[in-house]
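Here the structure comes first, spelled out in structure tokens, and everything after it is commentary.
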Amino acid sequence: MGIKNLLLWRVIPTLVLIVAVFIGWLSSHELPLGVFFATIIPIMKGFLPPTIAGHGKMSGTPEVPTDLLPQSRPETELFLELPGGHRMPMNGLGMCCRPSAYDDVLVYRTVLWYLLLGGRHIDGAHLYLNHKAIGRGIQEAIRRGVDRNEIFVTTKIFPTQFGYQSTLDNILTYLQDLGLEYVDLVLLHFPSAPASFLSSSDCKQDGPSLCRRQTWKALSELRLQGKIRNAGVSNFAKKHLLDLKGVELEGVASVPVANNQIQFNPFEPEHVMETVEYCMQHNITITAYSPLGGLMDRDKAFANELLSKISVQYQKTTSQVMLRWAIQRGFAVIPGTGNPNHQQENLHGVYEFELSKDDMDLINELKYTAQGFTHLDARNAD
């Protein structure tokens with residue numbers, strides 16, 4: 001059999017079958033996109049994903065010593081003031097988009113290490129499929145002496161779960177999975193999702209704008225009930241924020257938009273500043289995800305000559321310089337790592353120095369010269 005016939009009659013049909021089975025398997029789950037990421041991201045990094053192999057088989061975050069007790073929080077820790085009078089630590093832990101974020105055993109260890117090392121801001125989401133493991137880490141930290149009132153927990157509801165009743169139901173499920181009586185901040189994860197994703201959604205007959213408004217109404221009611229303390233958005237461009245600003249809730253006091261979580265690091269394109277400036281003008285705090293360049297661009301960011309030079313100047317790591325830059329810009333940051341040594345560096349090291357105005361300006365200019373960095377652009381989302 002020639003190569004052409006082999007490809008035509010053996011290889012291509014086999015690949016089509018594998019893809020069809022994979023799509024069918026994904027579609028059988030409540031959040032197919034979450035399962036997709038939880039499968040593909042470990043594979044990209046050379047790990048067998050827990051979605052296939054099961055949890056507890058991936059190496060990474062070490063066990064937490066049974067006698068380790070809570071350590072001091074950073075002495076000069078900074079916070080963002082939210083509209084409801086609550087404070088959000090500006091330095092948090094992202095629980096997404098790395099292999100160890102999808103293994104329940106490593107997630108538990110990651111959260112426990114972080115809280116015992118003095119961290120208090122944990123960023124999760126329904127899409128990440130790790131609420132229960134995060135909750136177990138929080139509960140063990142509380143058992144060891146961490147005060148629940150000091151812990152700031154963020155989660156997000158994905159557009160496939162948008163809608164008034166769906167939001168009410170899902171937030172209660174999140175609370176149960178996390179083992180908490182309230183969540184500090186709930187975000188709308190994206191402005192919208194493709195119609196093909198919404199087959200089982202409350203919003204399948206509604207447009208994205210109405211769907212967001214119904215979701216916001218539910219969050220406003222949940223805040224009145226004490227189930228959540230603040231509400232915000234993620235990946236929202238200015239037009240989406242304007243749309244949400246005009247929502248009328250039929251007698252229910254609309255919860256203010258407390259936070260917009262967006263991709264932000266020194267290499268973001270200039271158009272992102274339109275959203276940043278709008279948020280700053282309207283008392284909407286900003287959380288920067290992928291503050292170190294993200295899954296695809298971290299190595300490229302760390303190799304940047306200017307950042308390397310500044311890190312040597314301050315005797316800090318490139319990570320610490322990038323995080324400090326974002327914090328001095330007024331953003332919260334949520335770098336993700338399951339390595340307790342890196343957690344310690346991120347938590348305490350960024351508060352031990354301050355970048356000069358000249359160095360801040362130099363880093364601000366990187367967005368005009370750096371090329372080849374990826375960015376999630378939500379401006380065209382409905």
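Going by the structure tokens order, chains are called A, B, ..., each with residues numbered from 1, while ligands are numbered from 1 in the order shown.
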
Show which residues sit within 8 Å of Ile40 (chain A), as number ranges by chain. Count only C-alpha atoms, and ignore same-chain residues fewer than 4 positions away.
A: 36, 44, 49

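Residues of region 207-269 of chain A that DSSP, applied to the backbone, places in strand (DSSP E or B): Ile228, Ala231, Gly232, Val233, Ser234, Val257, Ala258, Asn259, Asn260, Gln261, Ile262 and Gln263 of chain A.
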
When you count only C-alpha atoms, which of these residues is closest to Ser290 (chain A): A:Asp382, A:Asp361, A:Glu268, A:Glu274?
A:Glu268

Do a neighbour search on region 222-235 of chain A at 8 Å with only C-alpha atoms, toss out local chain neighbours closer than 3 positions, and write the hits as a list in words.
Leu82, Gly84, Leu168, Leu172, Glu181, Tyr182, Val183, Asp184, Leu185, Val186, Leu187, Leu188, His189, Phe190, Pro191, Ala218, Leu219, Val255, Pro256, Val257, Ala258, Asn259, Asn260, Gln261, Ile262, Gln263 and Ala378 of chain A
